[in-house]
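With mmCIF, C-alpha atoms inside, this is my_file-v9.cif:
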data_protein
loop_
_atom_site.group_PDB
_atom_site.id
_atom_site.type_symbol
_atom_site.label_atom_id
_atom_site.label_comp_id
_atom_site.auth_asym_id
_atom_site.auth_seq_id
_atom_site.Cartn_x
_atom_site.Cartn_y
_atom_site.Cartn_z
ATOM 1 C CA MET A 52 -20.711 -23.023 -7.773
ATOM 2 C CA ASN A 53 -19.536 -19.837 -6.092
ATOM 3 C CA PHE A 54 -21.763 -19.067 -3.108
ATOM 4 C CA ARG A 55 -21.829 -15.410 -2.154
ATOM 5 C CA SER A 56 -21.277 -14.280 1.434
ATOM 6 C CA ASP A 57 -20.239 -11.071 3.161
ATOM 7 C CA LEU A 58 -19.094 -13.028 6.216
ATOM 8 C CA ALA A 59 -15.383 -13.784 6.355
ATOM 9 C CA LEU A 60 -16.053 -16.601 8.844
ATOM 10 C CA GLU A 61 -18.232 -18.388 6.283
ATOM 11 C CA GLU A 62 -15.468 -18.147 3.687
ATOM 12 C CA THR A 63 -13.012 -19.834 6.065
ATOM 13 C CA GLU A 64 -15.574 -22.550 6.788
ATOM 14 C CA SER A 65 -16.009 -23.241 3.075
ATOM 15 C CA LEU A 66 -12.254 -23.778 2.726
ATOM 16 C CA GLY A 67 -11.949 -25.783 5.928
ATOM 17 C CA ARG A 68 -9.799 -24.902 8.933
ATOM 18 C CA ASP A 69 -7.054 -27.267 7.753
ATOM 19 C CA ASN A 70 -6.878 -25.708 4.278
ATOM 20 C CA LEU A 71 -6.569 -22.050 5.144
ATOM 21 C CA PRO A 72 -4.050 -20.187 2.947
ATOM 22 C CA GLN A 73 -1.012 -18.401 4.291
ATOM 23 C CA GLY A 74 -1.957 -15.062 5.797
ATOM 24 C CA VAL A 75 -5.317 -16.219 7.216
ATOM 25 C CA LYS A 76 -5.684 -16.945 10.916
ATOM 26 C CA VAL A 77 -8.850 -17.992 12.746
ATOM 27 C CA ASP A 78 -9.204 -17.595 16.502
ATOM 28 C CA ALA A 79 -11.897 -17.091 19.126
ATOM 29 C CA LEU A 80 -12.435 -15.087 22.309
ATOM 30 C CA GLN A 81 -14.836 -16.070 25.069
ATOM 31 C CA TYR A 82 -16.785 -13.549 27.144
ATOM 32 C CA ASP A 83 -18.777 -15.646 29.625
ATOM 33 C CA SER A 84 -21.212 -17.481 27.322
ATOM 34 C CA ILE A 85 -20.506 -15.214 24.327
ATOM 35 C CA THR A 86 -18.084 -16.370 21.634
ATOM 36 C CA VAL A 87 -16.366 -13.862 19.364
ATOM 37 C CA ASN A 88 -14.830 -15.536 16.319
ATOM 38 C CA ILE A 89 -11.858 -13.693 14.805
ATOM 39 C CA VAL A 90 -10.588 -13.963 11.241
ATOM 40 C CA ASP A 91 -7.345 -12.093 10.536
ATOM 41 C CA ILE A 92 -6.357 -11.658 6.889
ATOM 42 C CA THR A 93 -2.783 -10.392 6.761
ATOM 43 C CA SER A 94 -1.607 -11.069 3.202
ATOM 44 C CA GLU A 95 -2.737 -10.560 -0.378
ATOM 45 C CA GLN A 96 -2.704 -14.334 -0.826
ATOM 46 C CA GLY A 97 -5.192 -14.703 1.983
ATOM 47 C CA SER A 98 -7.258 -11.810 0.651
ATOM 48 C CA GLU A 99 -7.562 -13.413 -2.788
ATOM 49 C CA ALA A 100 -8.411 -16.833 -1.363
ATOM 50 C CA LEU A 101 -11.249 -15.499 0.802
ATOM 51 C CA GLY A 102 -12.340 -12.704 -1.521
ATOM 52 C CA LYS A 103 -12.087 -10.198 1.323
ATOM 53 C CA PRO A 104 -9.756 -7.214 1.886
ATOM 54 C CA VAL A 105 -6.867 -7.480 4.313
ATOM 55 C CA GLY A 106 -8.079 -6.757 7.834
ATOM 56 C CA ARG A 107 -9.652 -8.151 10.995
ATOM 57 C CA TYR A 108 -13.161 -9.639 10.949
ATOM 58 C CA LEU A 109 -14.989 -10.264 14.224
ATOM 59 C CA THR A 110 -18.149 -12.370 14.246
ATOM 60 C CA VAL A 111 -20.565 -12.539 17.163
ATOM 61 C CA GLU A 112 -23.414 -15.044 17.037
ATOM 62 C CA LEU A 113 -26.534 -14.275 19.072
ATOM 63 C CA PRO A 114 -30.056 -15.717 19.337
ATOM 64 C CA PRO A 115 -32.100 -14.719 16.241
ATOM 65 C CA PHE A 116 -33.232 -11.108 16.494
ATOM 66 C CA TYR A 117 -36.660 -11.964 15.097
ATOM 67 C CA SER A 118 -37.377 -14.534 17.837
ATOM 68 C CA SER A 119 -35.437 -13.121 20.788
ATOM 69 C CA ASN A 120 -37.058 -10.021 22.253
ATOM 70 C CA GLN A 121 -34.006 -8.617 23.989
ATOM 71 C CA SER A 122 -30.250 -9.132 23.962
ATOM 72 C CA THR A 123 -28.526 -9.185 27.302
ATOM 73 C CA GLU A 124 -26.407 -6.351 28.617
ATOM 74 C CA LYS A 125 -23.376 -8.677 28.572
ATOM 75 C CA GLU A 126 -23.835 -9.329 24.846
ATOM 76 C CA ILE A 127 -24.033 -5.606 24.113
ATOM 77 C CA GLU A 128 -21.000 -4.853 26.293
ATOM 78 C CA ALA A 129 -18.973 -7.596 24.561
ATOM 79 C CA LEU A 130 -19.842 -6.162 21.153
ATOM 80 C CA ALA A 131 -19.069 -2.616 22.344
ATOM 81 C CA ARG A 132 -15.690 -3.770 23.628
ATOM 82 C CA GLU A 133 -14.736 -5.164 20.225
ATOM 83 C CA ILE A 134 -15.894 -2.016 18.407
ATOM 84 C CA GLN A 135 -13.902 0.108 20.842
ATOM 85 C CA LYS A 136 -10.708 -1.802 20.003
ATOM 86 C CA LEU A 137 -10.972 -0.779 16.331
ATOM 87 C CA VAL A 138 -11.703 2.932 16.878
ATOM 88 C CA PRO A 139 -9.066 5.507 17.939
ATOM 89 C CA GLU A 140 -9.406 6.474 21.599
ATOM 90 C CA GLN A 141 -9.908 10.187 20.932
ATOM 91 C CA GLY A 142 -11.443 12.332 18.222
ATOM 92 C CA THR A 143 -14.764 12.823 16.470
ATOM 93 C CA VAL A 144 -16.447 9.706 15.068
ATOM 94 C CA LEU A 145 -18.857 9.746 12.131
ATOM 95 C CA VAL A 146 -21.516 7.002 12.229
ATOM 96 C CA VAL A 147 -22.978 6.252 8.812
ATOM 97 C CA GLY A 148 -26.140 4.234 8.202
ATOM 98 C CA LEU A 149 -25.957 2.728 4.707
ATOM 99 C CA GLY A 150 -28.977 1.455 2.830
ATOM 100 C CA ASN A 151 -32.523 2.327 1.823
ATOM 101 C CA ILE A 152 -34.858 2.942 4.747
ATOM 102 C CA HIS A 153 -37.884 2.239 2.517
ATOM 103 C CA ILE A 154 -36.800 -1.360 1.767
ATOM 104 C CA THR A 155 -37.027 -3.343 4.996
ATOM 105 C CA PRO A 156 -34.132 -5.829 4.529
ATOM 106 C CA ASP A 157 -31.894 -2.884 3.542
ATOM 107 C CA ALA A 158 -33.010 -0.523 6.323
ATOM 108 C CA LEU A 159 -30.619 -1.714 9.044
ATOM 109 C CA GLY A 160 -28.098 1.091 8.511
ATOM 110 C CA PRO A 161 -30.521 4.049 8.543
ATOM 111 C CA ARG A 162 -32.495 2.648 11.483
ATOM 112 C CA THR A 163 -29.339 2.078 13.511
ATOM 113 C CA CYS A 164 -28.180 5.605 12.674
ATOM 114 C CA ASP A 165 -31.490 7.009 13.972
ATOM 115 C CA LEU A 166 -30.721 5.513 17.394
ATOM 116 C CA CYS A 167 -27.103 6.682 17.615
ATOM 117 C CA LEU A 168 -26.322 9.544 19.998
ATOM 118 C CA ALA A 169 -25.196 12.575 17.994
ATOM 119 C CA THR A 170 -23.136 14.676 20.405
ATOM 120 C CA ARG A 171 -20.825 16.791 18.246
ATOM 121 C CA HIS A 172 -23.051 19.841 18.676
ATOM 122 C CA ILE A 173 -23.024 19.564 22.493
ATOM 123 C CA SER A 174 -19.852 21.323 23.586
ATOM 124 C CA GLY A 175 -18.408 24.113 25.692
ATOM 125 C CA GLU A 176 -20.557 25.698 28.377
ATOM 126 C CA LEU A 177 -23.688 23.887 27.171
ATOM 127 C CA ALA A 178 -22.065 20.517 27.801
ATOM 128 C CA LYS A 179 -20.714 21.558 31.216
ATOM 129 C CA SER A 180 -24.023 23.022 32.385
ATOM 130 C CA ALA A 181 -25.788 19.782 31.413
ATOM 131 C CA GLY A 182 -23.179 17.662 33.164
ATOM 132 C CA LEU A 183 -22.006 16.255 29.833
ATOM 133 C CA GLY A 184 -18.483 17.628 29.692
ATOM 134 C CA ASN A 185 -16.927 14.236 28.969
ATOM 135 C CA LEU A 186 -19.041 13.368 25.931
ATOM 136 C CA ARG A 187 -17.105 12.195 22.901
ATOM 137 C CA PRO A 188 -18.093 14.144 19.748
ATOM 138 C CA VAL A 189 -20.153 11.930 17.456
ATOM 139 C CA ALA A 190 -21.951 12.789 14.221
ATOM 140 C CA ALA A 191 -24.551 10.545 12.587
ATOM 141 C CA LEU A 192 -25.659 10.426 8.957
ATOM 142 C CA ALA A 193 -27.920 8.267 6.783
ATOM 143 C CA PRO A 194 -27.027 9.380 3.225
ATOM 144 C CA GLY A 195 -29.655 7.293 1.414
ATOM 145 C CA VAL A 196 -28.917 5.498 -1.832
ATOM 146 C CA LEU A 197 -28.076 6.588 -5.362
ATOM 147 C CA GLY A 198 -31.630 6.032 -6.587
ATOM 148 C CA GLN A 199 -32.980 8.440 -3.961
ATOM 149 C CA THR A 200 -30.431 11.239 -4.138
ATOM 150 C CA GLY A 201 -28.651 10.890 -7.483
ATOM 151 C CA ILE A 202 -25.406 10.947 -5.497
ATOM 152 C CA GLU A 203 -23.272 7.979 -4.496
ATOM 153 C CA SER A 204 -23.418 7.529 -0.719
ATOM 154 C CA GLY A 205 -19.623 7.225 -0.828
ATOM 155 C CA GLU A 206 -19.349 10.636 -2.492
ATOM 156 C CA ILE A 207 -21.497 12.201 0.242
ATOM 157 C CA ILE A 208 -19.488 10.542 2.996
ATOM 158 C CA ARG A 209 -16.150 11.493 1.433
ATOM 159 C CA SER A 210 -17.221 15.142 1.200
ATOM 160 C CA ILE A 211 -18.342 15.213 4.835
ATOM 161 C CA VAL A 212 -15.173 13.476 6.030
ATOM 162 C CA LYS A 213 -13.128 16.106 4.206
ATOM 163 C CA ASP A 214 -14.801 18.938 6.143
ATOM 164 C CA LEU A 215 -15.552 17.173 9.433
ATOM 165 C CA ARG A 216 -12.151 15.467 9.730
ATOM 166 C CA PRO A 217 -13.249 12.658 12.042
ATOM 167 C CA CYS A 218 -10.742 10.167 13.407
ATOM 168 C CA ALA A 219 -12.914 7.282 12.210
ATOM 169 C CA VAL A 220 -16.052 6.322 10.334
ATOM 170 C CA ILE A 221 -18.352 3.574 11.602
ATOM 171 C CA ALA A 222 -20.437 2.252 8.702
ATOM 172 C CA VAL A 223 -23.491 0.082 9.380
ATOM 173 C CA ASP A 224 -25.036 -1.964 6.575
ATOM 174 C CA ALA A 225 -27.135 -5.051 5.895
ATOM 175 C CA LEU A 226 -25.149 -8.074 4.706
ATOM 176 C CA ALA A 227 -25.704 -11.269 2.737
ATOM 177 C CA ALA A 228 -25.015 -14.689 4.258
ATOM 178 C CA ARG A 229 -24.336 -18.087 2.727
ATOM 179 C CA SER A 230 -26.098 -20.066 5.449
ATOM 180 C CA LEU A 231 -29.763 -19.669 6.310
ATOM 181 C CA GLU A 232 -28.843 -20.358 9.922
ATOM 182 C CA ARG A 233 -26.870 -17.100 10.107
ATOM 183 C CA LEU A 234 -29.648 -14.810 8.902
ATOM 184 C CA GLY A 235 -30.556 -12.330 11.598
ATOM 185 C CA CYS A 236 -28.392 -13.838 14.332
ATOM 186 C CA THR A 237 -24.839 -12.892 13.332
ATOM 187 C CA ILE A 238 -22.997 -9.591 13.713
ATOM 188 C CA GLN A 239 -19.772 -8.933 11.806
ATOM 189 C CA VAL A 240 -17.415 -6.125 12.795
ATOM 190 C CA SER A 241 -14.410 -5.342 10.604
ATOM 191 C CA ASN A 242 -11.694 -2.727 10.113
ATOM 192 C CA SER A 243 -11.333 -3.484 6.390
ATOM 193 C CA GLY A 244 -13.946 -1.019 5.166
ATOM 194 C CA ILE A 245 -17.054 -1.794 3.161
ATOM 195 C CA SER A 246 -18.540 -1.510 -0.330
ATOM 196 C CA PRO A 247 -22.206 -0.460 0.011
ATOM 197 C CA GLY A 248 -24.568 -2.776 -1.877
ATOM 198 C CA SER A 249 -22.057 -5.586 -2.302
ATOM 199 C CA GLY A 250 -24.348 -8.037 -0.531
ATOM 200 C CA VAL A 251 -26.932 -7.751 -3.304
ATOM 201 C CA MET A 252 -24.436 -7.557 -6.193
ATOM 202 C CA ASN A 253 -24.732 -3.777 -6.421
ATOM 203 C CA ARG A 254 -21.243 -2.804 -5.318
ATOM 204 C CA ARG A 255 -20.723 0.961 -5.072
ATOM 205 C CA PHE A 256 -17.977 3.382 -3.984
ATOM 206 C CA GLU A 257 -15.722 1.656 -1.457
ATOM 207 C CA LEU A 258 -15.515 3.106 2.043
ATOM 208 C CA SER A 259 -12.071 2.373 3.455
ATOM 209 C CA LYS A 260 -9.011 4.072 4.874
ATOM 210 C CA ALA A 261 -7.569 4.158 1.347
ATOM 211 C CA THR A 262 -10.551 6.136 -0.026
ATOM 212 C CA LEU A 263 -11.471 8.276 3.006
ATOM 213 C CA GLY A 264 -8.103 8.757 4.702
ATOM 214 C CA VAL A 265 -9.431 7.733 8.147
ATOM 215 C CA GLU A 266 -10.087 4.461 9.929
ATOM 216 C CA VAL A 267 -13.267 2.751 8.736
ATOM 217 C CA VAL A 268 -15.057 0.209 10.923
ATOM 218 C CA SER A 269 -17.893 -1.686 9.268
ATOM 219 C CA ILE A 270 -20.684 -3.373 11.215
ATOM 220 C CA GLY A 271 -23.383 -5.522 9.683
ATOM 221 C CA VAL A 272 -26.001 -8.204 10.166
ATOM 222 C CA PRO A 273 -26.934 -10.621 7.353
ATOM 223 C CA THR A 274 -30.539 -10.038 6.369
ATOM 224 C CA VAL A 275 -30.627 -11.788 2.974
ATOM 225 C CA VAL A 276 -29.342 -14.886 1.200
ATOM 226 C CA ASP A 277 -29.423 -15.329 -2.571
ATOM 227 C CA ALA A 278 -31.922 -17.860 -3.935
ATOM 228 C CA ALA A 279 -29.245 -20.043 -5.552
ATOM 229 C CA THR A 280 -27.557 -20.533 -2.198
ATOM 230 C CA MET A 281 -30.883 -21.295 -0.527
ATOM 231 C CA VAL A 282 -31.765 -23.917 -3.143
ATOM 232 C CA TYR A 283 -28.417 -25.636 -2.635
ATOM 233 C CA GLU A 284 -28.723 -25.621 1.150
ATOM 234 C CA LEU A 285 -32.292 -26.943 1.195
ATOM 235 C CA ALA A 286 -32.086 -29.411 -1.690
ATOM 236 C CA GLY A 287 -28.497 -30.519 -1.167
ATOM 237 C CA GLN A 288 -27.601 -30.176 -4.845
ATOM 238 C CA GLU A 289 -26.468 -27.404 -7.136
ATOM 239 C CA PRO A 290 -29.113 -25.840 -9.382
ATOM 240 C CA SER A 291 -28.558 -26.077 -13.121
ATOM 241 C CA LEU A 292 -26.767 -23.240 -14.895
ATOM 242 C CA ALA A 293 -30.092 -21.882 -16.169
ATOM 243 C CA GLN A 294 -31.555 -22.065 -12.671
ATOM 244 C CA GLN A 295 -28.482 -20.399 -11.196
ATOM 245 C CA ASP A 296 -28.854 -17.392 -13.489
ATOM 246 C CA LYS A 297 -32.485 -16.966 -12.473
ATOM 247 C CA ALA A 298 -31.866 -17.650 -8.800
ATOM 248 C CA ARG A 299 -29.035 -15.122 -8.564
ATOM 249 C CA MET A 300 -31.511 -12.408 -9.527
ATOM 250 C CA MET A 301 -33.485 -13.065 -6.344
ATOM 251 C CA MET A 302 -32.653 -12.402 -2.707
ATOM 252 C CA VAL A 303 -34.504 -14.188 0.101
ATOM 253 C CA THR A 304 -35.161 -12.703 3.531
ATOM 254 C CA PRO A 305 -36.891 -14.066 6.668
ATOM 255 C CA ARG A 306 -40.625 -13.544 7.016
ATOM 256 C CA GLU A 307 -40.029 -11.699 10.299
ATOM 257 C CA VAL A 308 -37.562 -9.262 8.699
ATOM 258 C CA ASP A 309 -39.333 -6.252 10.197
ATOM 259 C CA LEU A 310 -38.652 -7.535 13.718
ATOM 260 C CA LEU A 311 -35.119 -8.517 12.693
ATOM 261 C CA ILE A 312 -34.318 -4.977 11.540
ATOM 262 C CA GLU A 313 -35.994 -3.265 14.504
ATOM 263 C CA ARG A 314 -34.224 -5.359 17.137
ATOM 264 C CA ALA A 315 -30.868 -5.587 15.362
ATOM 265 C CA ALA A 316 -30.805 -1.792 14.945
ATOM 266 C CA LYS A 317 -31.427 -1.378 18.671
ATOM 267 C CA VAL A 318 -28.641 -3.793 19.633
ATOM 268 C CA LEU A 319 -26.128 -2.270 17.202
ATOM 269 C CA SER A 320 -26.943 1.288 18.277
ATOM 270 C CA LEU A 321 -26.608 0.392 21.974
ATOM 271 C CA ALA A 322 -23.228 -1.236 21.300
ATOM 272 C CA ILE A 323 -21.964 1.673 19.177
ATOM 273 C CA ASN A 324 -23.163 4.267 21.691
ATOM 274 C CA HIS A 325 -21.605 2.388 24.604
ATOM 275 C CA ALA A 326 -18.336 1.914 22.694
ATOM 276 C CA LEU A 327 -18.091 5.654 22.004
ATOM 277 C CA GLN A 328 -19.461 6.808 25.379
ATOM 278 C CA PRO A 329 -18.186 4.082 27.753
ATOM 279 C CA HIS A 330 -18.903 6.206 30.837
ATOM 280 C CA ILE A 331 -22.640 5.910 30.102
ATOM 281 C CA SER A 332 -24.154 2.566 31.058
ATOM 282 C CA VAL A 333 -26.032 0.418 28.555
ATOM 283 C CA GLU A 334 -29.180 0.904 30.645
ATOM 284 C CA ASP A 335 -28.897 4.701 30.575
ATOM 285 C CA ILE A 336 -28.183 4.687 26.850
ATOM 286 C CA GLY A 337 -31.345 2.646 26.371
ATOM 287 C CA TYR A 338 -33.339 5.398 28.081
ATOM 288 C CA LEU A 339 -31.686 8.106 25.989
ATOM 289 C CA VAL A 340 -32.458 6.477 22.622
ATOM 290 C CA SER A 341 -35.915 5.080 23.430
#

What would you get if you wrote out this structure as structure tokens?
Amino acid sequence: MNFRSDLALEETESLGRDNLPQGVKVDALQYDSITVNIVDITSEQGSEALGKPVGRYLTVELPPFYSSNQSTEKEIEALAREIQKLVPEQGTVLVVGLGNIHITPDALGPRTCDLCLATRHISGELAKSAGLGNLRPVAALAPGVLGQTGIESGEIIRSIVKDLRPCAVIAVDALAARSLERLGCTIQVSNSGISPGSGVMNRRFELSKATLGVEVVSIGVPTVVDAATMVYELAGQEPSLAQQDKARMMMVTPREVDLLIERAAKVLSLAINHALQPHISVEDIGYLVS
């Protein structure tokens, strides 16, 4: 049975550390008590084995967002540091919140985007008079989904990138996990791009350097797991073929998903804002977006 996951780390765990194909390397960094797991896919062989594009995948595991009221400043700074490594040092950055704000498990992207500091319009004398002359230009956009606009979110983003000419796009989206234990407590950051909707088998226009012409950093938190995977994890046996077909039509999310989305969006936005405006402290950013 093929269990679906957007997390590269879970794919390496399913193969086993001793059975990783050529072109896949797993490592870890330690920031005080925070562990950042790193999966580097450097070859097509590794890409096919894991079912993920070539690139770097960083995974940070935190206390569950729906039970932990506040992440520490160290956790946010560690995440910001890893995001900063994947984004060019200078130039405009476009932050994109993917998903449907009206469907709670899919609202992570738009809600994160709402809390991101849009600074591209603050420039020249206005910036200097406000003491903000060193702000990095950032634009933020939540394009909605095809069913709301009749336009692929990728088409909207590609058109804006063409005119805006940012140095990078940061795309935030909800993900699907294989393990129930990773729902709402795992953050994945990658430079391989993203296909909106892939977590719920609704893959759309790919956002990547190949399609947009600029660096694309994707950030996500798993908010759902498919029912077939949940049955296997809880019962310890594979569902029948008939059950698999039915189960794959259903996605399961934690009961406290509203808290998960609210708190995860705050953490991601703080990390993104601090990564792009490192001269502003996490505490001050919190005041600005509250």

Asn151 of chain A surroundings by all atoms listed in the file, 7 Å radius, close-in-sequence under 2 positions cut, as a PyMOL selection string: chain A and resi 153-154+157-158+195-196

Answer key for the PyMOL selection byres ((chain A and resi 213-221) around 8), residues as JSON, numbers by chain: {"A": [138, 139, 141, 142, 143, 144, 145, 146, 147, 209, 210, 211, 212, 222, 223, 265, 266, 267, 268, 269, 270]}

Spatial neighbours of segment 87-99 of chain A, 12 Å, only C-alpha atoms, chain gap at least 6 places, as an MDAnalysis selection string: chainID A and resid 58:64 66 68 70:81 105:113 126 129:134 237:243

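Among A:Gly264, A:Gly148, A:Pro273, A:Gly160, the residue with the shortest atom-to-atom distance to Arg233 of chain A, counting all atoms listed in the file, is A:Pro273.
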
What do you get, as a tab-separated table (two decimals) with C-alpha atoms, keeping the file's coordinate frame, if you spell out every residue that the PyMOL selection byres ((chain A and resi 170) around 6) selects here?
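Output contents, as saved in part_33.tsv:
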chain	number	residue	atom	x	y	z
A	169	ALA	CA	-25.20	12.58	17.99
A	171	ARG	CA	-20.82	16.79	18.25
A	172	HIS	CA	-23.05	19.84	18.68
A	173	ILE	CA	-23.02	19.56	22.49
A	188	PRO	CA	-18.09	14.14	19.75
A	189	VAL	CA	-20.15	11.93	17.46

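Separating atom CA of Ser230 of chain A from atom CA of Pro115 of chain A is a distance of 13.5 Å.
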
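The nearest approach to Arg187 of chain A among the residues A:Tyr338, A:Ile312, A:Gly271, A:Ile331, with all atoms listed in the file taken into account, belongs to A:Ile331.
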
Ground truth for the PyMOL selection byres ((chain A and resi 163) around 12), written as number ranges by chain: A: 146-150, 152, 157-162, 164-168, 191-193, 221-225, 270-272, 312-324, 340

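Distance check against Glu128 of chain A using only C-alpha atoms: of A:Gly337, A:Pro156, A:Pro329, A:Pro104, the minimum falls on A:Pro329.
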
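Straight-line separation from atom CA of Gly205 of chain A to atom CA of Ser259 of chain A: 9.9 Å.
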
Distance query 8 Å from (-21.8, -13.1, 1.1) using all atoms listed in the file, result as number ranges by chain: A: 54-58, 226-229, 250, 276

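Note that the spacing between atom CA of Glu124 of chain A and atom CA of Leu234 of chain A amounts to 21.7 Å.
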
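Shortest atom-to-atom contact with Met302 of chain A among A:Ser246, A:Lys125, A:Leu231, A:Ala326: A:Leu231, counting all atoms listed in the file.
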
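Using all atoms listed in the file, the smallest distance between any of A:Leu327, A:Cys236, A:Leu311, A:Lys297 and Ala190 of chain A comes from A:Leu327.
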
Could you write segment 183-194 of chain A as a PDB file, in the coordinates of the input, with N, CA, C and O atoms rebuilt where they are missing?
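Below you can see selection-v8.pdb, which holds the result:
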ATOM      1  N   LEU A 183     -22.429  17.142  30.922  1.00  0.00           N
ATOM      2  CA  LEU A 183     -22.006  16.255  29.833  1.00  0.00           C
ATOM      3  C   LEU A 183     -20.644  16.666  29.278  1.00  0.00           C
ATOM      4  O   LEU A 183     -20.375  16.549  28.089  1.00  0.00           O
ATOM      5  N   GLY A 184     -19.778  17.134  30.145  1.00  0.00           N
ATOM      6  CA  GLY A 184     -18.483  17.628  29.692  1.00  0.00           C
ATOM      7  C   GLY A 184     -17.566  16.574  29.143  1.00  0.00           C
ATOM      8  O   GLY A 184     -16.613  16.895  28.436  1.00  0.00           O
ATOM      9  N   ASN A 185     -17.813  15.298  29.449  1.00  0.00           N
ATOM     10  CA  ASN A 185     -16.927  14.236  28.969  1.00  0.00           C
ATOM     11  C   ASN A 185     -17.494  13.470  27.786  1.00  0.00           C
ATOM     12  O   ASN A 185     -17.061  12.356  27.495  1.00  0.00           O
ATOM     13  N   LEU A 186     -18.481  14.033  27.107  1.00  0.00           N
ATOM     14  CA  LEU A 186     -19.041  13.368  25.931  1.00  0.00           C
ATOM     15  C   LEU A 186     -18.039  13.365  24.777  1.00  0.00           C
ATOM     16  O   LEU A 186     -17.407  14.380  24.492  1.00  0.00           O
ATOM     17  N   ARG A 187     -17.923  12.246  24.106  1.00  0.00           N
ATOM     18  CA  ARG A 187     -17.105  12.195  22.901  1.00  0.00           C
ATOM     19  C   ARG A 187     -17.925  12.758  21.739  1.00  0.00           C
ATOM     20  O   ARG A 187     -19.107  12.432  21.583  1.00  0.00           O
ATOM     21  N   PRO A 188     -17.330  13.610  20.883  1.00  0.00           N
ATOM     22  CA  PRO A 188     -18.093  14.144  19.748  1.00  0.00           C
ATOM     23  C   PRO A 188     -18.402  13.074  18.709  1.00  0.00           C
ATOM     24  O   PRO A 188     -17.499  12.401  18.214  1.00  0.00           O
ATOM     25  N   VAL A 189     -19.682  12.919  18.425  1.00  0.00           N
ATOM     26  CA  VAL A 189     -20.153  11.930  17.456  1.00  0.00           C
ATOM     27  C   VAL A 189     -21.142  12.594  16.518  1.00  0.00           C
ATOM     28  O   VAL A 189     -22.024  13.339  16.953  1.00  0.00           O
ATOM     29  N   ALA A 190     -20.987  12.335  15.221  1.00  0.00           N
ATOM     30  CA  ALA A 190     -21.951  12.789  14.221  1.00  0.00           C
ATOM     31  C   ALA A 190     -22.580  11.566  13.574  1.00  0.00           C
ATOM     32  O   ALA A 190     -21.939  10.516  13.467  1.00  0.00           O
ATOM     33  N   ALA A 191     -23.836  11.678  13.170  1.00  0.00           N
ATOM     34  CA  ALA A 191     -24.551  10.545  12.587  1.00  0.00           C
ATOM     35  C   ALA A 191     -25.215  10.977  11.286  1.00  0.00           C
ATOM     36  O   ALA A 191     -25.779  12.071  11.191  1.00  0.00           O
ATOM     37  N   LEU A 192     -25.154  10.087  10.287  1.00  0.00           N
ATOM     38  CA  LEU A 192     -25.659  10.426   8.957  1.00  0.00           C
ATOM     39  C   LEU A 192     -26.191   9.182   8.262  1.00  0.00           C
ATOM     40  O   LEU A 192     -25.547   8.132   8.271  1.00  0.00           O
ATOM     41  N   ALA A 193     -27.379   9.297   7.662  1.00  0.00           N
ATOM     42  CA  ALA A 193     -27.920   8.267   6.783  1.00  0.00           C
ATOM     43  C   ALA A 193     -28.049   8.888   5.395  1.00  0.00           C
ATOM     44  O   ALA A 193     -29.009   9.613   5.115  1.00  0.00           O
ATOM     45  N   PRO A 194     -27.072   8.658   4.494  1.00  0.00           N
ATOM     46  CA  PRO A 194     -27.027   9.380   3.225  1.00  0.00           C
ATOM     47  C   PRO A 194     -28.006   8.895   2.160  1.00  0.00           C
ATOM     48  O   PRO A 194     -28.098   9.493   1.096  1.00  0.00           O
TER      49      PRO A 194
END
